[in-house]
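J.: Sharing run_4.txt below, compact mmCIF, C-alpha atoms and all ligand atoms:
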# COMPACT_ATOMS: atom_id res chain seq x y z
CA MET A 6 -31.96 82.95 -33.04
CA SER A 7 -29.80 82.09 -30.13
CA ARG A 8 -26.31 83.48 -29.70
CA ILE A 9 -24.11 82.50 -26.80
CA LEU A 10 -20.95 84.40 -25.94
CA LEU A 11 -18.28 82.79 -23.80
CA ILE A 12 -16.04 85.45 -22.27
CA ASN A 13 -12.86 85.60 -20.17
CA ILE A 14 -11.85 82.06 -21.17
CA LYS A 15 -8.55 81.37 -19.45
CA LYS A 16 -7.39 79.20 -22.36
CA LEU A 17 -9.31 78.30 -25.49
CA LEU A 18 -7.77 74.97 -26.52
CA GLN A 19 -7.41 73.01 -29.75
CA ILE A 20 -7.68 75.83 -32.27
CA ARG A 21 -7.24 74.50 -35.78
CA SER A 22 -7.89 75.57 -39.33
CA LEU A 23 -10.24 73.47 -41.45
CA ASP A 24 -7.22 72.05 -43.31
CA THR A 25 -6.18 70.03 -40.27
CA SER A 26 -8.21 66.87 -40.39
CA TYR A 27 -5.93 64.95 -37.99
CA VAL A 28 -2.54 65.29 -36.32
CA SER A 29 0.24 62.71 -36.24
CA GLY A 30 3.59 61.97 -34.61
CA LYS A 31 5.25 64.94 -32.92
CA GLU A 32 2.39 67.28 -33.89
CA MET A 33 0.23 65.37 -31.46
CA ASP A 34 2.15 66.92 -28.58
CA VAL A 35 0.95 70.39 -29.57
CA LEU A 36 -2.46 71.77 -28.62
CA PRO A 37 -2.77 75.26 -30.12
CA PHE A 38 -4.54 77.74 -27.82
CA ILE A 39 -5.44 81.37 -27.21
CA GLU A 40 -5.00 82.73 -23.73
CA SER A 41 -7.71 85.07 -22.42
CA ALA A 42 -10.22 84.41 -25.16
CA TYR A 43 -13.84 84.73 -26.17
CA LEU A 44 -15.96 82.45 -28.32
CA LEU A 45 -19.23 83.27 -30.02
CA ILE A 46 -21.83 80.63 -30.87
CA ASN A 47 -24.54 81.24 -33.43
CA ASN A 48 -27.29 78.62 -33.12
CA ASP A 49 -25.34 75.35 -33.35
CA ILE A 50 -22.16 76.72 -34.96
CA ILE A 51 -18.92 78.33 -33.76
CA GLU A 52 -19.23 81.76 -35.36
CA GLU A 53 -16.17 83.58 -34.10
CA PHE A 54 -13.46 83.43 -31.45
CA GLY A 55 -10.28 85.28 -30.56
CA GLU A 56 -8.52 87.32 -27.91
CA MET A 57 -10.73 88.78 -25.22
CA LYS A 58 -9.77 92.30 -26.20
CA ASN A 59 -11.60 91.75 -29.51
CA SER A 60 -14.73 90.27 -27.97
CA PRO A 61 -18.09 91.84 -28.98
CA LYS A 62 -18.90 94.70 -26.63
CA ASN A 63 -22.70 94.98 -26.63
CA LEU A 64 -23.29 92.04 -24.31
CA GLU A 65 -27.07 92.47 -24.11
CA LYS A 66 -27.34 90.86 -27.56
CA PHE A 67 -26.05 87.54 -26.27
CA ARG A 68 -26.53 84.96 -23.62
CA VAL A 69 -23.19 85.49 -21.84
CA ILE A 70 -21.24 82.81 -19.98
CA ASP A 71 -18.32 84.06 -17.93
CA CYS A 72 -15.51 81.48 -18.13
CA LYS A 73 -13.11 83.21 -15.76
CA ASP A 74 -10.45 80.71 -14.56
CA LYS A 75 -11.94 78.03 -16.83
CA MET A 76 -10.65 76.53 -20.04
CA VAL A 77 -12.74 75.62 -23.08
CA LEU A 78 -12.03 72.77 -25.46
CA PRO A 79 -13.94 70.86 -28.14
CA SER A 80 -16.13 68.00 -26.88
CA TRP A 81 -14.77 64.48 -26.95
CA CYS A 82 -15.16 62.55 -30.21
CA ASP A 83 -15.66 58.90 -29.29
CA SER A 84 -14.97 56.96 -32.49
CA HIS A 85 -15.65 53.44 -31.20
CA SER A 86 -18.62 52.42 -29.08
CA HIS A 87 -21.19 49.67 -28.67
CA ILE A 88 -23.41 51.89 -26.51
CA VAL A 89 -26.61 50.26 -27.82
CA PHE A 90 -26.99 47.04 -25.84
CA SER A 91 -29.47 45.46 -23.47
CA GLY A 92 -28.94 44.44 -19.86
CA ASN A 93 -25.38 43.95 -18.70
CA ARG A 94 -22.77 41.25 -18.09
CA SER A 95 -21.87 41.90 -14.45
CA ASN A 96 -22.01 38.15 -13.81
CA GLU A 97 -19.01 37.69 -16.15
CA PHE A 98 -17.22 40.48 -14.34
CA ILE A 99 -16.98 38.37 -11.21
CA ASP A 100 -15.95 35.29 -13.21
CA ARG A 101 -13.12 37.32 -14.64
CA ILE A 102 -12.06 38.66 -11.28
CA LYS A 103 -11.92 35.06 -10.13
CA GLY A 104 -9.50 34.28 -12.96
CA LEU A 105 -11.36 33.45 -16.19
CA SER A 106 -10.20 35.27 -19.33
CA TYR A 107 -12.44 37.15 -21.80
CA ASN A 108 -12.16 34.26 -24.25
CA GLU A 109 -12.71 31.55 -21.63
CA ILE A 110 -15.93 33.30 -20.63
CA ALA A 111 -17.01 33.51 -24.27
CA ASN A 112 -16.20 29.82 -24.81
CA ASN A 113 -18.29 28.92 -21.77
CA GLY A 114 -21.37 30.40 -23.40
CA GLY A 115 -20.97 33.96 -22.14
CA GLY A 116 -19.45 36.89 -23.94
CA ILE A 117 -20.97 38.59 -26.96
CA LEU A 118 -23.57 35.81 -27.46
CA ASN A 119 -24.83 36.40 -23.95
CA SER A 120 -25.62 40.02 -24.92
CA VAL A 121 -27.16 38.74 -28.18
CA ASP A 122 -29.60 36.52 -26.25
CA ILE A 123 -30.69 39.47 -24.11
CA LEU A 124 -30.97 41.94 -26.99
CA ARG A 125 -33.04 39.65 -29.18
CA ASN A 126 -35.58 39.49 -26.36
CA THR A 127 -35.68 43.24 -25.84
CA SER A 128 -38.21 45.41 -27.65
CA LYS A 129 -37.00 48.28 -29.79
CA GLU A 130 -38.61 50.76 -27.41
CA ASP A 131 -36.89 49.27 -24.39
CA LEU A 132 -33.55 49.09 -26.20
CA LEU A 133 -33.87 52.76 -27.12
CA LYS A 134 -34.75 53.64 -23.53
CA GLN A 135 -31.82 51.74 -22.02
CA SER A 136 -29.38 53.10 -24.60
CA THR A 137 -30.61 56.69 -24.31
CA ILE A 138 -29.81 56.68 -20.59
CA ARG A 139 -26.20 55.85 -21.48
CA VAL A 140 -26.09 58.39 -24.31
CA LYS A 141 -27.27 61.13 -21.94
CA GLU A 142 -24.67 60.01 -19.43
CA VAL A 143 -21.79 60.32 -21.92
CA ILE A 144 -23.12 63.67 -23.15
CA ASN A 145 -22.86 64.94 -19.59
CA GLN A 146 -19.33 63.57 -19.49
CA GLY A 147 -18.38 65.73 -22.46
CA THR A 148 -18.87 63.50 -25.50
CA GLY A 149 -20.19 65.49 -28.46
CA ALA A 150 -19.83 62.93 -31.26
CA ILE A 151 -20.01 59.18 -31.07
CA GLU A 152 -19.77 56.18 -33.36
CA ILE A 153 -22.19 53.40 -32.43
CA LYS A 154 -21.97 49.81 -33.66
CA SER A 155 -24.58 47.15 -34.12
CA GLY A 156 -23.43 43.57 -33.48
CA TYR A 157 -25.60 42.20 -30.67
CA GLY A 158 -28.47 41.18 -32.96
CA LEU A 159 -26.70 38.86 -35.41
CA ASN A 160 -29.85 38.17 -37.38
CA MET A 161 -31.80 40.18 -39.92
CA GLU A 162 -34.42 41.47 -37.55
CA SER A 163 -32.31 42.22 -34.48
CA GLU A 164 -29.43 43.89 -36.33
CA LYS A 165 -32.08 46.09 -37.97
CA LYS A 166 -33.56 46.83 -34.55
CA MET A 167 -30.15 47.97 -33.31
CA LEU A 168 -29.52 50.13 -36.37
CA GLU A 169 -32.96 51.73 -36.07
CA VAL A 170 -32.27 52.50 -32.43
CA ILE A 171 -28.98 54.14 -33.44
CA SER A 172 -30.84 56.17 -36.03
CA GLU A 173 -33.44 57.18 -33.42
CA ILE A 174 -30.68 58.25 -31.01
CA LYS A 175 -29.33 60.43 -33.80
CA LYS A 176 -32.73 62.07 -34.29
CA GLN A 177 -33.61 62.55 -30.64
CA ASN A 178 -30.32 64.01 -29.37
CA ASN A 179 -28.01 66.81 -30.44
CA ILE A 180 -24.99 64.53 -30.28
CA THR A 181 -23.41 63.74 -33.67
CA VAL A 182 -23.83 60.01 -34.37
CA LYS A 183 -22.20 57.69 -36.91
CA ALA A 184 -23.66 54.19 -37.33
CA THR A 185 -21.51 51.13 -37.95
CA PHE A 186 -22.82 47.72 -39.01
CA LEU A 187 -21.02 45.00 -37.05
CA GLY A 188 -22.97 41.92 -38.10
CA ALA A 189 -19.57 40.20 -38.14
CA HIS A 190 -19.12 40.56 -34.38
CA ALA A 191 -19.53 36.84 -33.56
CA PHE A 192 -21.11 33.82 -35.20
CA PRO A 193 -24.65 33.40 -33.81
CA ARG A 194 -25.36 30.02 -32.19
CA GLU A 195 -27.66 28.95 -35.05
CA PHE A 196 -24.74 29.21 -37.50
CA THR A 197 -22.02 27.52 -35.41
CA ASP A 198 -21.84 24.64 -37.85
CA ASN A 199 -22.22 26.56 -41.09
CA LYS A 200 -20.30 29.75 -40.69
CA SER A 201 -20.08 30.54 -44.38
CA GLU A 202 -23.87 30.71 -44.53
CA TYR A 203 -23.82 33.43 -41.89
CA ILE A 204 -21.35 35.41 -44.02
CA ASP A 205 -23.73 34.85 -46.96
CA LEU A 206 -26.52 36.37 -44.89
CA ILE A 207 -24.34 39.36 -43.97
CA VAL A 208 -23.13 40.11 -47.49
CA ASN A 209 -26.18 39.15 -49.53
CA LYS A 210 -28.99 40.39 -47.33
CA MET A 211 -28.01 42.45 -44.32
CA MET A 212 -25.49 44.83 -45.85
CA PRO A 213 -27.42 45.63 -49.04
CA GLN A 214 -30.74 46.07 -47.22
CA TYR A 215 -29.44 48.22 -44.37
CA ASN A 216 -27.41 50.25 -46.82
CA GLU A 217 -30.47 50.78 -48.99
CA ALA A 218 -32.41 51.89 -45.90
CA ARG A 219 -29.58 54.36 -45.14
CA LEU A 220 -28.99 52.85 -41.74
CA ILE A 221 -25.20 52.48 -41.98
CA ASP A 222 -22.22 54.78 -42.36
CA PHE A 223 -19.47 52.18 -41.81
CA VAL A 224 -18.90 48.43 -41.70
CA ASP A 225 -16.88 46.65 -39.02
CA VAL A 226 -15.60 43.09 -38.49
CA PHE A 227 -14.22 41.50 -35.33
CA CYS A 228 -11.19 40.06 -37.12
CA GLU A 229 -9.78 37.78 -34.43
CA LYS A 230 -8.98 34.12 -33.81
CA GLY A 231 -12.18 32.38 -32.77
CA TYR A 232 -14.31 35.13 -34.34
CA PHE A 233 -13.78 36.09 -38.01
CA ASP A 234 -10.65 34.83 -39.76
CA ILE A 235 -8.95 36.63 -42.63
CA ASN A 236 -11.02 35.01 -45.38
CA GLN A 237 -14.32 35.55 -43.59
CA SER A 238 -13.38 39.16 -42.78
CA GLU A 239 -12.35 39.73 -46.37
CA ARG A 240 -15.73 38.64 -47.68
CA VAL A 241 -17.37 41.32 -45.55
CA LEU A 242 -14.84 44.00 -46.45
CA SER A 243 -15.02 43.32 -50.15
CA LYS A 244 -18.81 43.62 -50.05
CA ALA A 245 -18.46 46.91 -48.16
CA LYS A 246 -16.11 48.14 -50.87
CA GLU A 247 -18.58 47.11 -53.56
CA LEU A 248 -21.31 49.09 -51.78
CA GLY A 249 -19.00 52.06 -51.27
CA ILE A 250 -19.01 51.84 -47.46
CA ARG A 251 -15.80 52.56 -45.52
CA ALA A 252 -14.60 49.99 -43.00
CA LYS A 253 -13.53 50.39 -39.38
CA ILE A 254 -12.11 47.12 -38.08
CA HIS A 255 -11.54 45.39 -34.74
CA VAL A 256 -8.03 43.94 -35.21
CA ASN A 257 -5.11 42.71 -33.10
CA GLN A 258 -6.98 42.63 -29.79
CA PHE A 259 -5.57 39.23 -28.84
CA ASN A 260 -3.59 38.09 -31.91
CA SER A 261 -1.71 39.56 -34.83
CA PHE A 262 -2.46 37.35 -37.82
CA GLY A 263 -2.86 39.58 -40.85
CA GLY A 264 -5.86 41.74 -39.95
CA ILE A 265 -3.96 44.98 -40.38
CA LYS A 266 -2.70 44.04 -43.82
CA LEU A 267 -6.26 43.20 -44.78
CA ALA A 268 -7.57 46.49 -43.39
CA LEU A 269 -4.99 48.40 -45.39
CA LYS A 270 -5.80 46.48 -48.55
CA TYR A 271 -9.40 47.69 -48.19
CA GLU A 272 -8.33 51.21 -47.17
CA ALA A 273 -10.20 51.01 -43.89
CA LEU A 274 -10.81 54.35 -42.20
CA SER A 275 -9.55 53.00 -38.88
CA VAL A 276 -8.05 49.92 -37.24
CA ASP A 277 -9.14 49.60 -33.64
CA HIS A 278 -7.76 47.80 -30.54
CA LEU A 279 -4.13 46.95 -31.51
CA GLU A 280 -3.25 45.58 -28.09
CA VAL A 281 -1.00 43.07 -29.87
CA LEU A 282 1.00 44.92 -32.49
CA THR A 283 4.11 43.57 -34.23
CA ASN A 284 6.84 45.67 -35.83
CA GLU A 285 5.63 44.45 -39.21
CA ASP A 286 2.12 45.71 -38.39
CA LEU A 287 3.57 49.07 -37.46
CA THR A 288 5.56 49.31 -40.69
CA ASN A 289 2.48 48.41 -42.68
CA LEU A 290 0.45 51.10 -40.90
CA LYS A 291 3.13 53.67 -41.73
CA ASN A 292 2.69 52.88 -45.41
CA GLY A 293 -1.09 53.21 -45.34
CA SER A 294 -3.64 55.92 -44.66
CA THR A 295 -5.67 54.12 -41.97
CA ILE A 296 -5.80 55.71 -38.52
CA PRO A 297 -4.93 53.52 -35.52
CA VAL A 298 -7.44 53.69 -32.65
CA ALA A 299 -6.50 52.59 -29.13
CA LEU A 300 -9.08 51.61 -26.52
CA PRO A 301 -7.33 52.07 -23.17
CA THR A 302 -10.30 51.38 -20.90
CA CYS A 303 -10.87 47.99 -22.57
CA SER A 304 -7.32 47.03 -21.55
CA TYR A 305 -7.94 48.48 -18.10
CA PHE A 306 -11.14 46.51 -17.62
CA LEU A 307 -9.95 43.18 -19.08
CA GLY A 308 -6.46 43.43 -17.63
CA ILE A 309 -4.91 42.82 -21.06
CA ASN A 310 -2.00 44.62 -22.79
CA TYR A 311 -2.41 48.27 -23.66
CA ALA A 312 -1.93 49.14 -27.33
CA PRO A 313 1.64 50.43 -27.74
CA ALA A 314 0.43 53.99 -28.18
CA ARG A 315 3.83 55.56 -27.48
CA LYS A 316 5.41 53.45 -30.19
CA ILE A 317 2.61 54.32 -32.63
CA ILE A 318 2.97 58.08 -32.08
CA ASP A 319 6.78 57.99 -31.94
CA SER A 320 6.83 56.28 -35.32
CA GLY A 321 5.07 59.32 -36.77
CA LEU A 322 1.56 57.90 -37.01
CA PRO A 323 -1.67 59.56 -35.86
CA LEU A 324 -3.57 57.94 -32.99
CA ALA A 325 -7.17 58.26 -31.83
CA ILE A 326 -8.48 56.97 -28.52
CA ALA A 327 -12.05 55.86 -27.87
CA SER A 328 -14.17 54.32 -25.13
CA ASP A 329 -15.29 51.02 -26.71
CA TYR A 330 -18.32 51.40 -24.38
CA ASN A 331 -19.81 47.88 -24.31
CA PRO A 332 -21.14 45.40 -21.74
CA GLY A 333 -18.27 42.91 -22.05
CA SER A 334 -14.93 44.65 -22.24
CA SER A 335 -15.49 48.32 -21.34
CA PRO A 336 -18.74 49.06 -19.52
CA SER A 337 -18.03 52.79 -19.38
CA GLY A 338 -18.15 55.52 -21.99
CA ASN A 339 -16.46 58.14 -19.87
CA MET A 340 -13.99 59.79 -22.23
CA ASN A 341 -12.42 61.74 -19.35
CA PHE A 342 -11.35 58.42 -17.91
CA VAL A 343 -10.20 57.25 -21.38
CA VAL A 344 -8.01 60.37 -21.63
CA SER A 345 -6.62 59.82 -18.12
CA THR A 346 -5.92 56.14 -18.80
CA ALA A 347 -4.16 56.98 -22.08
CA CYS A 348 -1.83 59.26 -20.11
CA ILE A 349 -1.35 57.06 -17.06
CA LYS A 350 -1.06 53.68 -18.74
CA MET A 351 0.05 54.47 -22.28
CA LYS A 352 2.31 57.37 -21.34
CA LEU A 353 0.70 59.96 -23.58
CA THR A 354 1.13 63.62 -22.69
CA SER A 355 -2.04 65.59 -21.94
CA GLU A 356 -1.74 67.27 -25.34
CA GLU A 357 -1.41 63.92 -27.13
CA ALA A 358 -4.35 62.41 -25.31
CA ILE A 359 -6.58 65.43 -25.97
CA ASN A 360 -5.64 65.43 -29.66
CA ALA A 361 -6.34 61.69 -29.78
CA ALA A 362 -9.77 62.19 -28.20
CA THR A 363 -10.85 65.22 -30.25
CA ILE A 364 -9.56 65.94 -33.77
CA ASN A 365 -8.19 62.43 -34.35
CA GLY A 366 -11.36 60.83 -32.95
CA ALA A 367 -13.35 62.99 -35.35
CA TYR A 368 -11.15 61.84 -38.23
CA ALA A 369 -11.70 58.20 -37.25
CA MET A 370 -15.44 58.85 -37.78
CA GLY A 371 -14.94 60.78 -41.03
CA ILE A 372 -16.29 64.00 -39.52
CA SER A 373 -13.23 66.12 -38.76
CA ASP A 374 -14.65 68.81 -41.05
CA LYS A 375 -17.54 69.23 -38.59
CA VAL A 376 -16.25 68.52 -35.07
CA GLY A 377 -13.07 67.91 -33.08
CA SER A 378 -11.55 71.38 -32.92
CA ILE A 379 -12.26 75.03 -32.29
CA THR A 380 -12.73 76.17 -35.86
CA LYS A 381 -15.09 78.72 -37.35
CA GLY A 382 -18.07 76.96 -38.90
CA LYS A 383 -17.70 73.73 -36.95
CA ILE A 384 -20.49 72.50 -34.68
CA ALA A 385 -20.43 74.23 -31.28
CA ASN A 386 -19.70 71.13 -29.20
CA LEU A 387 -17.72 72.40 -26.24
CA ILE A 388 -16.46 71.44 -22.82
CA ILE A 389 -16.13 74.19 -20.23
CA THR A 390 -13.79 73.03 -17.48
CA LYS A 391 -13.90 73.82 -13.80
CA ASP A 392 -11.32 76.31 -12.51
CA ILE A 393 -7.96 74.85 -13.52
CA ASN A 394 -4.41 76.14 -13.86
CA SER A 395 -3.04 73.67 -16.38
CA ILE A 396 -4.45 71.30 -18.97
CA ASN A 397 -2.65 68.54 -17.07
CA GLU A 398 -5.38 68.78 -14.45
CA ILE A 399 -7.77 67.25 -17.00
CA PRO A 400 -6.15 63.76 -17.17
CA TYR A 401 -4.69 64.09 -13.68
CA SER A 402 -8.08 64.25 -11.96
CA PHE A 403 -9.02 60.73 -13.08
CA GLY A 404 -12.36 59.44 -11.94
CA SER A 405 -13.89 62.79 -11.08
CA GLY A 406 -13.08 64.85 -14.15
CA LYS A 407 -12.84 68.59 -14.53
CA ILE A 408 -15.96 69.45 -16.52
CA SER A 409 -18.23 72.20 -15.26
CA GLU A 410 -20.55 72.48 -18.26
CA VAL A 411 -20.96 71.08 -21.73
CA ILE A 412 -22.41 72.74 -24.81
CA LEU A 413 -23.80 70.45 -27.46
CA ALA A 414 -24.68 71.86 -30.87
CA GLY A 415 -24.96 75.27 -29.25
CA LYS A 416 -27.24 74.09 -26.43
CA ILE A 417 -26.13 74.33 -22.81
CA ILE A 418 -26.47 70.94 -21.13
CA ASN A 419 -26.83 70.94 -17.37
O1 LIG B 501 -14.43 45.91 -28.76
N1 LIG B 501 -13.88 42.88 -29.32
C1 LIG B 501 -15.03 42.81 -29.72
N2 LIG B 501 -16.03 43.61 -29.36
C2 LIG B 501 -16.05 44.37 -28.15
C3 LIG B 501 -16.47 43.56 -26.99
C4 LIG B 501 -17.87 43.18 -27.14
C5 LIG B 501 -18.41 42.41 -25.98
O2 LIG B 501 -17.67 41.71 -25.26
O3 LIG B 501 -19.62 42.51 -25.83
C6 LIG B 501 -14.74 45.07 -27.94
O4 LIG B 501 -14.00 44.85 -26.97
FE FE B 502 -15.31 47.30 -29.80
In structure tokens, write the structure found in this file.
T.:
Amino acid sequence: MSRILLINIKKLLQIRSLDTSYVSGKEMDVLPFIESAYLLINNDIIEEFGEMKNSPKNLEKFRVIDCKDKMVLPSWCDSHSHIVFSGNRSNEFIDRIKGLSYNEIANNGGGILNSVDILRNTSKEDLLKQSTIRVKEVINQGTGAIEIKSGYGLNMESEKKMLEVISEIKKQNNITVKATFLGAHAFPREFTDNKSEYIDLIVNKMMPQYNEARLIDFVDVFCEKGYFDINQSERVLSKAKELGIRAKIHVNQFNSFGGIKLALKYEALSVDHLEVLTNEDLTNLKNGSTIPVALPTCSYFLGINYAPARKIIDSGLPLAIASDYNPGSSPSGNMNFVVSTACIKMKLTSEEAINAATINGAYAMGISDKVGSITKGKIANLIITKDINSINEIPYSFGSGKISEVILAGKIIN
């Protein structure tokens, strides 16, 4: 049995009871903490924590970590990623810098289908190897739970390959993983002229088979002009409902044309992107129970609008933020940078951004009973900061970050 005791923690941040599965509106500006604290880990679980004066005394029973001048917070919960992909799209990066838009690049034969071509020609072993390097990278950057989407296979065999790699990542690493089937990410070239047949393949073969094989936790659709329209998206969502799988949907990245209404009709767990959000969309969200997820580094990288995060929070809604780690629109999974960008570009306070990237991120993956806060019984996924005086130093130090160590399921990661 391994027990780790963190002592002299300057501030233990994001302390919540199990009843809090997410925070919304004004509550997002509050990050409950204990000053001068200890925290005890038993195997992979947070066993106990409190004021330092109540810390266990017989230190020889524990592996002790002195956190003097450091703060401790729950690891980042990244609720939207495409971290399993092959190769990269750095060629498109230069095209974009020279003036082409994301959609112009896609229409010229690049974009998602470019990644599909590469992934189909990559073995499962190689895909796992490439993806594991990125997973280890984000673990070191403080991510303790991550949602990973398929969507670069777009046929029976290659979507399965992606989902099996996600499942393997889950087995081989201590990071908490949720798998999302995104067969409706783009229409593969072989179905350009008969799109409804591709939807048939998704709903009649892919979804039932992968579900049967227990490879998927959620279903996603890129509901966007030029990708999946409302009717096509609805076919996928209604099948998901029939199979009892919750949806998490890409909506309103470039256009607002009814995707949010559709998501709410199907009680999606989350709606992600929202760079283009109308007042009607906002009102609809307020009447539903779907959590909005903003992806600030996608906006940063593509130079597109940022989701109106201030407006979302000020209207009383919850907000999660995630990395969208993918080769086309956000080739980074660094949640420290996501948190900084949410503050700098979306005008969130440090408290709001940290709530958005921890408890609310956990909620957007359906796992806020297990991760996302400092709560007895939750998984011991923790970030130990460097010496800092204020939590504002976390988003402030963009690019370098303020992490000294991370603990993942009770294991110290170097
Ligand atoms: O979330 N918008 C759709 N999917 C990804 C981009 C995928 C890609 O370009 O490879 C996104 O931004
Ligand atoms: Fe995405």
J.: Do you have the atom CA of Leu11 of chain A-atom CA of Glu32 of chain A distance handy?
T.: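 Calculated distance between atom CA of Leu11 of chain A and atom CA of Glu32 of chain A is 27.7 Å.
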J.: Using only C-alpha atoms and all ligand atoms, find each protein or nucleic acid residue lying at most 6 Å from ligand LIG 501 (chain B); present the set as a ChimeraX atom specification.
T.: /A:116-117,227,329,331-334
J.: For those residues, write C-alpha atoms to a file as a PDB file, in the coordinates of the input.
T.:
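Now in part18.pdb:
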ATOM      1  CA  GLY A 116     -19.450  36.890 -23.940  1.00  0.00           C
ATOM      2  CA  ILE A 117     -20.970  38.590 -26.960  1.00  0.00           C
ATOM      3  CA  PHE A 227     -14.220  41.500 -35.330  1.00  0.00           C
ATOM      4  CA  ASP A 329     -15.290  51.020 -26.710  1.00  0.00           C
ATOM      5  CA  ASN A 331     -19.810  47.880 -24.310  1.00  0.00           C
ATOM      6  CA  PRO A 332     -21.140  45.400 -21.740  1.00  0.00           C
ATOM      7  CA  GLY A 333     -18.270  42.910 -22.050  1.00  0.00           C
ATOM      8  CA  SER A 334     -14.930  44.650 -22.240  1.00  0.00           C
TER       9      SER A 334
END
J.: Compute the set of protein, DNA and RNA residues whose minimum atom distance to ligand FE 502 (chain B) is at most 7 Å, using all atoms listed in the file, and state it as a short mmCIF file (atom, residue, chain, number, x, y, z; two decimals) with C-alpha atoms, keeping the file's coordinate frame.
T.:
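The resulting file, selection_13.cif, is shown below:
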data_model
loop_
_atom_site.label_atom_id
_atom_site.label_comp_id
_atom_site.auth_asym_id
_atom_site.auth_seq_id
_atom_site.Cartn_x
_atom_site.Cartn_y
_atom_site.Cartn_z
CA HIS A 85 -15.65 53.44 -31.20
CA SER A 86 -18.62 52.42 -29.08
CA HIS A 87 -21.19 49.67 -28.67
CA HIS A 255 -11.54 45.39 -34.74
CA ASP A 329 -15.29 51.02 -26.71
#
J.: In the coordinate frame of the file, compute which residues have an atom within 10 Å of (-9.0, 57.3, -18.0) when using all atoms listed in the file, and state them as a list in words.
T.: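 The requested residues, written out, are Pro301, Thr302, Tyr305, Ser328, Asn339, Met340, Asn341, Phe342, Val343, Val344, Ser345, Thr346, Ala347, Cys348, Ile349, Lys350, Pro400, Tyr401, Ser402, Phe403, Gly404 and Gly406 of chain A.
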J.: Taking 5 positions as the minimum chain separation for residues in the same chain, which residues sit within 8 Å of segment 129-144 of chain A when counting only C-alpha atoms? Answer as a list in words.
T.: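 So the residues in contact are Ile88, Val89, Phe90, Ser91, Leu124, Gly149, Lys166, Met167, Val170, Glu173, Ile174, Ile180, Gly338, Asn339, Met340 and Val411 of chain A.
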J.: Identify, on the basis of all atoms listed in the file, every residue whose closest approach to segment 245-254 of chain A does not exceed 8 Å; exclude the query and any residue fewer than 5 positions from it along the same chain; express the result as a ChimeraX atom specification.
T.: /A:212-213,216,222-228,268,271-277
J.: List as a compact mmCIF listing (two decimals) with C-alpha atoms, keeping the file's coordinate frame the residues having at least one atom at most 12 Å from position (-15.1, 57.0, -33.0) as given in the file, counting all atoms listed in the file.
T.:
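Resulting contents of out-v8.txt:
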# COMPACT_ATOMS: atom_id res chain seq x y z
CA TRP A 81 -14.77 64.48 -26.95
CA CYS A 82 -15.16 62.55 -30.21
CA ASP A 83 -15.66 58.90 -29.29
CA SER A 84 -14.97 56.96 -32.49
CA HIS A 85 -15.65 53.44 -31.20
CA SER A 86 -18.62 52.42 -29.08
CA HIS A 87 -21.19 49.67 -28.67
CA ILE A 88 -23.41 51.89 -26.51
CA THR A 148 -18.87 63.50 -25.50
CA GLY A 149 -20.19 65.49 -28.46
CA ALA A 150 -19.83 62.93 -31.26
CA ILE A 151 -20.01 59.18 -31.07
CA GLU A 152 -19.77 56.18 -33.36
CA ILE A 153 -22.19 53.40 -32.43
CA LYS A 154 -21.97 49.81 -33.66
CA THR A 181 -23.41 63.74 -33.67
CA VAL A 182 -23.83 60.01 -34.37
CA LYS A 183 -22.20 57.69 -36.91
CA ALA A 184 -23.66 54.19 -37.33
CA THR A 185 -21.51 51.13 -37.95
CA ASP A 222 -22.22 54.78 -42.36
CA PHE A 223 -19.47 52.18 -41.81
CA LYS A 253 -13.53 50.39 -39.38
CA ILE A 254 -12.11 47.12 -38.08
CA LEU A 274 -10.81 54.35 -42.20
CA SER A 275 -9.55 53.00 -38.88
CA VAL A 276 -8.05 49.92 -37.24
CA ASP A 277 -9.14 49.60 -33.64
CA ILE A 296 -5.80 55.71 -38.52
CA PRO A 297 -4.93 53.52 -35.52
CA VAL A 298 -7.44 53.69 -32.65
CA ALA A 299 -6.50 52.59 -29.13
CA LEU A 300 -9.08 51.61 -26.52
CA LEU A 324 -3.57 57.94 -32.99
CA ALA A 325 -7.17 58.26 -31.83
CA ILE A 326 -8.48 56.97 -28.52
CA ALA A 327 -12.05 55.86 -27.87
CA SER A 328 -14.17 54.32 -25.13
CA ASP A 329 -15.29 51.02 -26.71
CA TYR A 330 -18.32 51.40 -24.38
CA GLY A 338 -18.15 55.52 -21.99
CA MET A 340 -13.99 59.79 -22.23
CA ALA A 361 -6.34 61.69 -29.78
CA ALA A 362 -9.77 62.19 -28.20
CA THR A 363 -10.85 65.22 -30.25
CA ILE A 364 -9.56 65.94 -33.77
CA ASN A 365 -8.19 62.43 -34.35
CA GLY A 366 -11.36 60.83 -32.95
CA ALA A 367 -13.35 62.99 -35.35
CA TYR A 368 -11.15 61.84 -38.23
CA ALA A 369 -11.70 58.20 -37.25
CA MET A 370 -15.44 58.85 -37.78
CA GLY A 371 -14.94 60.78 -41.03
CA ILE A 372 -16.29 64.00 -39.52
CA SER A 373 -13.23 66.12 -38.76
CA VAL A 376 -16.25 68.52 -35.07
CA GLY A 377 -13.07 67.91 -33.08
